[in-house]
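See structure below.
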Amino acid sequence: MLHPETRFGSLTLGTAPRVVGTVSQADTLAKLAGAGTHDCDIVEVRLDLIGADTPGWLEQAKAIEAKGVPVIATIRLAAEGGKWTQPDEARLLLFQTALEHLSAADIEFRSPLLKKVSACATRHQKALIVSCHDFHKTPPADELRQIIRKASVCGTIVKIATLVQTDADVAALRELLSEKWPSRICLLGMGKLGPQTRTLLPKLGSCLTYGFLDAPVAPGQIHARELMQQLRSR
């Protein structure tokens, strides 16, 4: 039996890294619902950016899923680079809705909602990405190891994105991929050296990499189409 940690809907996470295409504009979501996309393997809907009150967002996301493309619902807090500033009660309801109808959700490691959302993901047998962002630096490897271990208890995938300013920062992320973890991990670099990590780290074992479908949502993010071309080229 395939466990939730190895699946996004009908898509199996195996040895090949998967490209996540991020949607930050309502028009893009509507277009994807109406036409298939070949620019990514998985679509991430940033509800904090397109607006959780956008009419029909859930139906559009479900339409994308019906085409065989899994959808991750992300409602990123302002403290971690997002735009969500409303009460957590409203965010919890959105997570519950997303995990009932879509393939996966993404929640911050430091969120007070983490345990509740984790329980919801387990109940619905859906994948949950537990993410941690540092826009100022790449923390020491030991600190990142602690985050991965703790986040693995609640999530099926642990995602860490840090600001990479030196080759040593990139090396620190590479080092983590040489170790064994209780869950799958996704590592990303942001900033000037970020683009190279979006293709390098997936080749070394990071299970996901992220690119944008309409506009960058993180420093150093490149288009998902470019990631697909670079990772799938022989």
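Starting from 1 in every chain, residues are counted up; chains themselves are A, B, ... following the order of the structure tokens, and ligands are numbered from 1 as listed.
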Show me, as a tab-separated table, the residues of range 154-197 of chain A having an atom within 12 Å of range 15-27 of chain A, each with the closest atom pair and its distance in Å, using only C-alpha atoms.
```
residue	atom	partner	partner_atom	distance
A:Arg184	CA	A:Thr15	CA	10.9
A:Ile185	CA	A:Pro17	CA	10.9
A:Cys186	CA	A:Pro17	CA	9.5
A:Leu187	CA	A:Pro17	CA	11.4
```
Determine, counting only C-alpha atoms, which protein, DNA and RNA residues have an atom within 12 Å of an atom of Leu213 in chain A; residues of the same chain fewer than 6 positions away are not included. Present the result as a PDB file with C-alpha atoms, in the first residue's frame.
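Heads up, here's the output in selection_8.pdb:
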```pdb
ATOM      1  CA  VAL A  19       8.199  20.447  -9.807  1.00  0.00           C
ATOM      2  CA  VAL A  20       5.631  22.534  -7.944  1.00  0.00           C
ATOM      3  CA  GLY A  21       4.211  25.512  -9.837  1.00  0.00           C
ATOM      4  CA  THR A  22       3.013  28.322  -7.584  1.00  0.00           C
ATOM      5  CA  VAL A  23      -0.144  30.292  -8.413  1.00  0.00           C
ATOM      6  CA  SER A  24      -0.389  33.726  -6.828  1.00  0.00           C
ATOM      7  CA  GLN A  25      -3.054  35.363  -9.001  1.00  0.00           C
ATOM      8  CA  ALA A  26      -6.736  34.502  -9.299  1.00  0.00           C
ATOM      9  CA  ASP A  27      -6.703  34.807 -13.108  1.00  0.00           C
ATOM     10  CA  THR A  28      -3.995  32.165 -13.340  1.00  0.00           C
ATOM     11  CA  LEU A  29      -5.987  29.740 -11.214  1.00  0.00           C
ATOM     12  CA  LYS A  31      -6.951  29.617 -16.591  1.00  0.00           C
ATOM     13  CA  LEU A  32      -5.414  26.444 -15.180  1.00  0.00           C
ATOM     14  CA  THR A  37      -0.726  22.691 -17.784  1.00  0.00           C
ATOM     15  CA  HIS A  38       2.552  21.085 -18.758  1.00  0.00           C
ATOM     16  CA  ASP A  39       4.675  23.536 -16.799  1.00  0.00           C
ATOM     17  CA  CYS A  40       4.660  21.616 -13.510  1.00  0.00           C
ATOM     18  CA  ASP A  41       3.822  18.324 -11.826  1.00  0.00           C
ATOM     19  CA  ILE A  42       1.947  19.838  -8.887  1.00  0.00           C
ATOM     20  CA  VAL A  43       0.136  23.163  -8.496  1.00  0.00           C
ATOM     21  CA  GLU A  44       0.433  25.223  -5.318  1.00  0.00           C
ATOM     22  CA  VAL A  45      -2.450  27.629  -4.743  1.00  0.00           C
ATOM     23  CA  ARG A  46      -1.379  30.523  -2.550  1.00  0.00           C
ATOM     24  CA  GLN A 221      12.433  31.804  -7.605  1.00  0.00           C
ATOM     25  CA  ILE A 222      12.356  30.977 -11.319  1.00  0.00           C
ATOM     26  CA  HIS A 223       9.581  29.867 -13.650  1.00  0.00           C
ATOM     27  CA  ALA A 224       8.312  26.333 -13.175  1.00  0.00           C
ATOM     28  CA  ARG A 225       8.630  25.722 -16.917  1.00  0.00           C
ATOM     29  CA  GLU A 226      12.376  26.374 -16.717  1.00  0.00           C
ATOM     30  CA  LEU A 227      12.718  23.937 -13.820  1.00  0.00           C
ATOM     31  CA  MET A 228      10.863  21.261 -15.770  1.00  0.00           C
TER      32      MET A 228
END
```
Note to self: Taking only C-alpha atoms into account, name the residue in A:Ala168, A:Val158, A:Ala218, A:Leu11 that is nearest to Arg145 in chain A.
What the structure shows: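 For Arg145 in chain A, the nearest of the given residues is A:Val158.
Compared by their closest atoms to Glu80 in chain A, and using only C-alpha atoms, the residues A:Ala172, A:Leu188, A:Cys132, A:Leu94 rank with A:Cys132 nearest.
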Polymer residues at most 10 Å from Ser10 in chain A, only C-alpha atoms, same-chain spacing of 6 or more positions, as a short mmCIF file (atom, residue, chain, number, x, y, z; two decimals) with C-alpha atoms, in the first residue's frame:
```cif
data_model
loop_
_atom_site.label_atom_id
_atom_site.label_comp_id
_atom_site.auth_asym_id
_atom_site.auth_seq_id
_atom_site.Cartn_x
_atom_site.Cartn_y
_atom_site.Cartn_z
CA GLU A 65 -7.07 17.92 -9.74
CA GLY A 68 -4.57 14.63 -12.89
CA VAL A 69 -2.52 17.50 -11.44
CA PRO A 70 -2.43 17.48 -7.61
CA SER A 103 -4.31 16.51 -2.37
#
```
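Counting only C-alpha atoms, range 81-87 of chain A has the following residues at most 10 Å away, ignoring those fewer than 6 positions along the same chain: Arg46, Leu47, Asp48, Leu49, Ile50, Gly51, Ala52, Thr74, Ile75, His133, Asp134, Phe135, Val217 and Ala218 of chain A.
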May I have the selected residues written with C-alpha atoms, as a compact mmCIF listing (two decimals), in the first residue's frame?
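Done, and the output landed in selection39.txt:
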```txt
# COMPACT_ATOMS: atom_id res chain seq x y z
CA ARG A 46 -1.38 30.52 -2.55
CA LEU A 47 -4.67 31.45 -0.94
CA ASP A 48 -3.01 34.19 1.09
CA LEU A 49 -2.13 35.92 -2.20
CA ILE A 50 -5.11 35.25 -4.46
CA GLY A 51 -7.52 35.82 -1.56
CA ALA A 52 -9.48 33.17 0.29
CA THR A 74 -0.99 27.16 1.08
CA ILE A 75 -2.15 30.00 3.31
CA HIS A 133 11.45 29.82 6.07
CA ASP A 134 14.41 31.99 6.99
CA PHE A 135 14.69 35.10 4.81
CA VAL A 217 6.73 34.64 -4.61
CA ALA A 218 10.20 34.18 -3.09
```
Margin query: I'd like the interatomic distance between CA of Glu143 in chain A and CA of Glu175 in chain A, to a tenth of an Å.
Written below: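 Computing it gives 12.9 Å between the two atoms.
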Notebook entry, point to check: Any idea what the distance is between CA of Cys154 in chain A and CA of Val170 in chain A?
Noted result: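 Interatomic distance, CA of Cys154 in chain A to CA of Val170 in chain A: 26.2 Å.
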Margin query: To test your reading of the structure, identify every residue in range 34-231 of chain A that backbone DSSP assigns to helix (DSSP H, G or I), and report it as a ChimeraX atom specification.
Written below: /A:34,47-50,57-66,78-80,88-101,114-124,141-152,167-177,194-204,224-231
Item checked: Residue set, range 1-231 of chain A restricted to strand (DSSP E), as a ChimeraX atom specification -> /A:7-8,11-12,18-23,42-46,71-74,104-108,127-134,157-163,184-190,208-212
Check: Which residue, A:Leu144, A:Ile157, A:Val71, A:Leu176, has the smallest gap to Trp57 in chain A when you use only C-alpha atoms?
Finding: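 For Trp57 in chain A, the nearest of the candidates is A:Val71.
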With 10 Å as the cut-off and only C-alpha atoms counted, what is the closest atom pair between each nearby residue of range 3-109 of chain A and range 116-128 of chain A? Distances in Å to one decimal, ordered by chain and number, as CSV.
```
residue,atom,partner,partner_atom,distance
A:His3,CA,A:Gln125,CA,8.3
A:Pro4,CA,A:Ala127,CA,5.4
A:Glu5,CA,A:Ala127,CA,5.8
A:Thr6,CA,A:Ala127,CA,8.1
A:Arg7,CA,A:Ala127,CA,7.0
A:Phe8,CA,A:Ala127,CA,6.4
A:Gly9,CA,A:Lys126,CA,7.8
A:Ile72,CA,A:Leu128,CA,8.8
A:Ala73,CA,A:Leu128,CA,9.8
A:Leu92,CA,A:Val117,CA,7.3
A:Leu93,CA,A:Val117,CA,9.7
A:Phe95,CA,A:Val117,CA,6.8
A:Gln96,CA,A:Cys120,CA,6.6
A:Thr97,CA,A:Cys120,CA,9.8
A:Ala98,CA,A:Ala121,CA,9.6
A:Leu99,CA,A:Ala121,CA,6.1
A:Glu100,CA,A:His124,CA,6.3
A:His101,CA,A:His124,CA,9.1
A:Leu102,CA,A:Lys126,CA,8.1
A:Ser103,CA,A:Lys126,CA,5.9
A:Ala104,CA,A:Ala127,CA,4.7
A:Ala105,CA,A:Leu128,CA,5.2
A:Asp106,CA,A:Leu128,CA,5.9
A:Ile107,CA,A:Leu128,CA,7.6
```
Could those selected residues go to a file with N, CA and C atoms, as a PDB file, in the first residue's frame?
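To be explicit, this is the file written out as out11.pdb:
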```pdb
ATOM      1  N   HIS A   3       1.649   4.896   1.083  1.00  0.00           N
ATOM      2  CA  HIS A   3       1.308   5.721   2.225  1.00  0.00           C
ATOM      3  C   HIS A   3       1.158   7.175   1.795  1.00  0.00           C
ATOM      4  N   PRO A   4       0.471   8.013   2.610  1.00  0.00           N
ATOM      5  CA  PRO A   4       0.265   9.411   2.238  1.00  0.00           C
ATOM      6  C   PRO A   4       1.559  10.166   1.968  1.00  0.00           C
ATOM      7  N   GLU A   5       2.630   9.788   2.665  1.00  0.00           N
ATOM      8  CA  GLU A   5       3.859  10.532   2.502  1.00  0.00           C
ATOM      9  C   GLU A   5       4.503  10.323   1.139  1.00  0.00           C
ATOM     10  N   THR A   6       4.042   9.328   0.386  1.00  0.00           N
ATOM     11  CA  THR A   6       4.614   9.076  -0.927  1.00  0.00           C
ATOM     12  C   THR A   6       3.669   9.479  -2.051  1.00  0.00           C
ATOM     13  N   ARG A   7       2.550  10.091  -1.701  1.00  0.00           N
ATOM     14  CA  ARG A   7       1.561  10.412  -2.729  1.00  0.00           C
ATOM     15  C   ARG A   7       1.047  11.839  -2.609  1.00  0.00           C
ATOM     16  N   PHE A   8       0.783  12.432  -3.761  1.00  0.00           N
ATOM     17  CA  PHE A   8       0.015  13.664  -3.856  1.00  0.00           C
ATOM     18  C   PHE A   8      -1.154  13.319  -4.761  1.00  0.00           C
ATOM     19  N   GLY A   9      -2.275  12.974  -4.172  1.00  0.00           N
ATOM     20  CA  GLY A   9      -3.389  12.517  -4.989  1.00  0.00           C
ATOM     21  C   GLY A   9      -2.981  11.256  -5.730  1.00  0.00           C
ATOM     22  N   ILE A  72      -1.741  21.714  -3.972  1.00  0.00           N
ATOM     23  CA  ILE A  72      -1.389  22.030  -2.586  1.00  0.00           C
ATOM     24  C   ILE A  72      -2.042  23.355  -2.227  1.00  0.00           C
ATOM     25  N   ALA A  73      -2.738  23.411  -1.127  1.00  0.00           N
ATOM     26  CA  ALA A  73      -3.299  24.669  -0.637  1.00  0.00           C
ATOM     27  C   ALA A  73      -2.355  25.252   0.410  1.00  0.00           C
ATOM     28  N   LEU A  92      -7.758  27.983   9.897  1.00  0.00           N
ATOM     29  CA  LEU A  92      -7.992  26.570  10.200  1.00  0.00           C
ATOM     30  C   LEU A  92      -9.139  26.021   9.365  1.00  0.00           C
ATOM     31  N   LEU A  93     -10.199  26.785   9.211  1.00  0.00           N
ATOM     32  CA  LEU A  93     -11.328  26.346   8.398  1.00  0.00           C
ATOM     33  C   LEU A  93     -10.909  26.120   6.950  1.00  0.00           C
ATOM     34  N   PHE A  95      -7.854  25.327   5.911  1.00  0.00           N
ATOM     35  CA  PHE A  95      -7.043  24.111   5.882  1.00  0.00           C
ATOM     36  C   PHE A  95      -7.932  22.870   5.889  1.00  0.00           C
ATOM     37  N   GLN A  96      -8.952  22.885   6.727  1.00  0.00           N
ATOM     38  CA  GLN A  96      -9.851  21.735   6.817  1.00  0.00           C
ATOM     39  C   GLN A  96     -10.568  21.494   5.493  1.00  0.00           C
ATOM     40  N   THR A  97     -11.014  22.571   4.863  1.00  0.00           N
ATOM     41  CA  THR A  97     -11.676  22.458   3.565  1.00  0.00           C
ATOM     42  C   THR A  97     -10.724  21.918   2.510  1.00  0.00           C
ATOM     43  N   ALA A  98      -9.508  22.468   2.488  1.00  0.00           N
ATOM     44  CA  ALA A  98      -8.525  22.047   1.494  1.00  0.00           C
ATOM     45  C   ALA A  98      -8.168  20.571   1.651  1.00  0.00           C
ATOM     46  N   LEU A  99      -7.947  20.138   2.883  1.00  0.00           N
ATOM     47  CA  LEU A  99      -7.537  18.756   3.099  1.00  0.00           C
ATOM     48  C   LEU A  99      -8.680  17.769   2.856  1.00  0.00           C
ATOM     49  N   GLU A 100      -9.889  18.241   2.898  1.00  0.00           N
ATOM     50  CA  GLU A 100     -11.026  17.374   2.575  1.00  0.00           C
ATOM     51  C   GLU A 100     -11.131  17.156   1.074  1.00  0.00           C
ATOM     52  N   HIS A 101     -10.818  18.200   0.280  1.00  0.00           N
ATOM     53  CA  HIS A 101     -11.089  18.149  -1.153  1.00  0.00           C
ATOM     54  C   HIS A 101      -9.858  18.079  -2.055  1.00  0.00           C
ATOM     55  N   LEU A 102      -8.702  18.495  -1.558  1.00  0.00           N
ATOM     56  CA  LEU A 102      -7.507  18.564  -2.404  1.00  0.00           C
ATOM     57  C   LEU A 102      -6.439  17.584  -1.930  1.00  0.00           C
ATOM     58  N   SER A 103      -5.326  17.537  -2.639  1.00  0.00           N
ATOM     59  CA  SER A 103      -4.311  16.512  -2.366  1.00  0.00           C
ATOM     60  C   SER A 103      -3.431  16.798  -1.162  1.00  0.00           C
ATOM     61  N   ALA A 104      -3.200  18.096  -0.871  1.00  0.00           N
ATOM     62  CA  ALA A 104      -2.233  18.413   0.181  1.00  0.00           C
ATOM     63  C   ALA A 104      -2.406  19.845   0.665  1.00  0.00           C
ATOM     64  N   ALA A 105      -1.763  20.130   1.786  1.00  0.00           N
ATOM     65  CA  ALA A 105      -1.722  21.488   2.324  1.00  0.00           C
ATOM     66  C   ALA A 105      -0.313  21.750   2.831  1.00  0.00           C
ATOM     67  N   ASP A 106      -0.014  23.027   3.040  1.00  0.00           N
ATOM     68  CA  ASP A 106       1.305  23.444   3.538  1.00  0.00           C
ATOM     69  C   ASP A 106       1.072  24.376   4.720  1.00  0.00           C
ATOM     70  N   ILE A 107       1.684  24.055   5.847  1.00  0.00           N
ATOM     71  CA  ILE A 107       1.554  24.892   7.037  1.00  0.00           C
ATOM     72  C   ILE A 107       2.923  25.105   7.667  1.00  0.00           C
TER      73      ILE A 107
END
```
Check: In Å, with one decimal, what is the gap from CA of Glu108 in chain A to CA of His136 in chain A?
Finding: 16.8 Å
Check: Nearest to Glu59 in chain A among A:Ala33, A:Leu204, A:Ala79, A:Leu13, with distances taken over only C-alpha atoms: which residue is it?
Finding: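 Using only C-alpha atoms, Glu59 in chain A sits closest to A:Ala33.
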Checklist line | Shortest interatomic distance to Thr162 in chain A - which of A:Arg198, A:Lys150, A:Arg232, A:Arg76, counting only C-alpha atoms | finding: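 Checking each candidate against Thr162 in chain A, we get A:Arg198 as the closest.
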Margin query: Ranking A:Leu77, A:Val164, A:Ala63, A:Leu177 by minimum distance to Ser131 in chain A and counting only C-alpha atoms, which one comes first?
Written below: A:Leu77
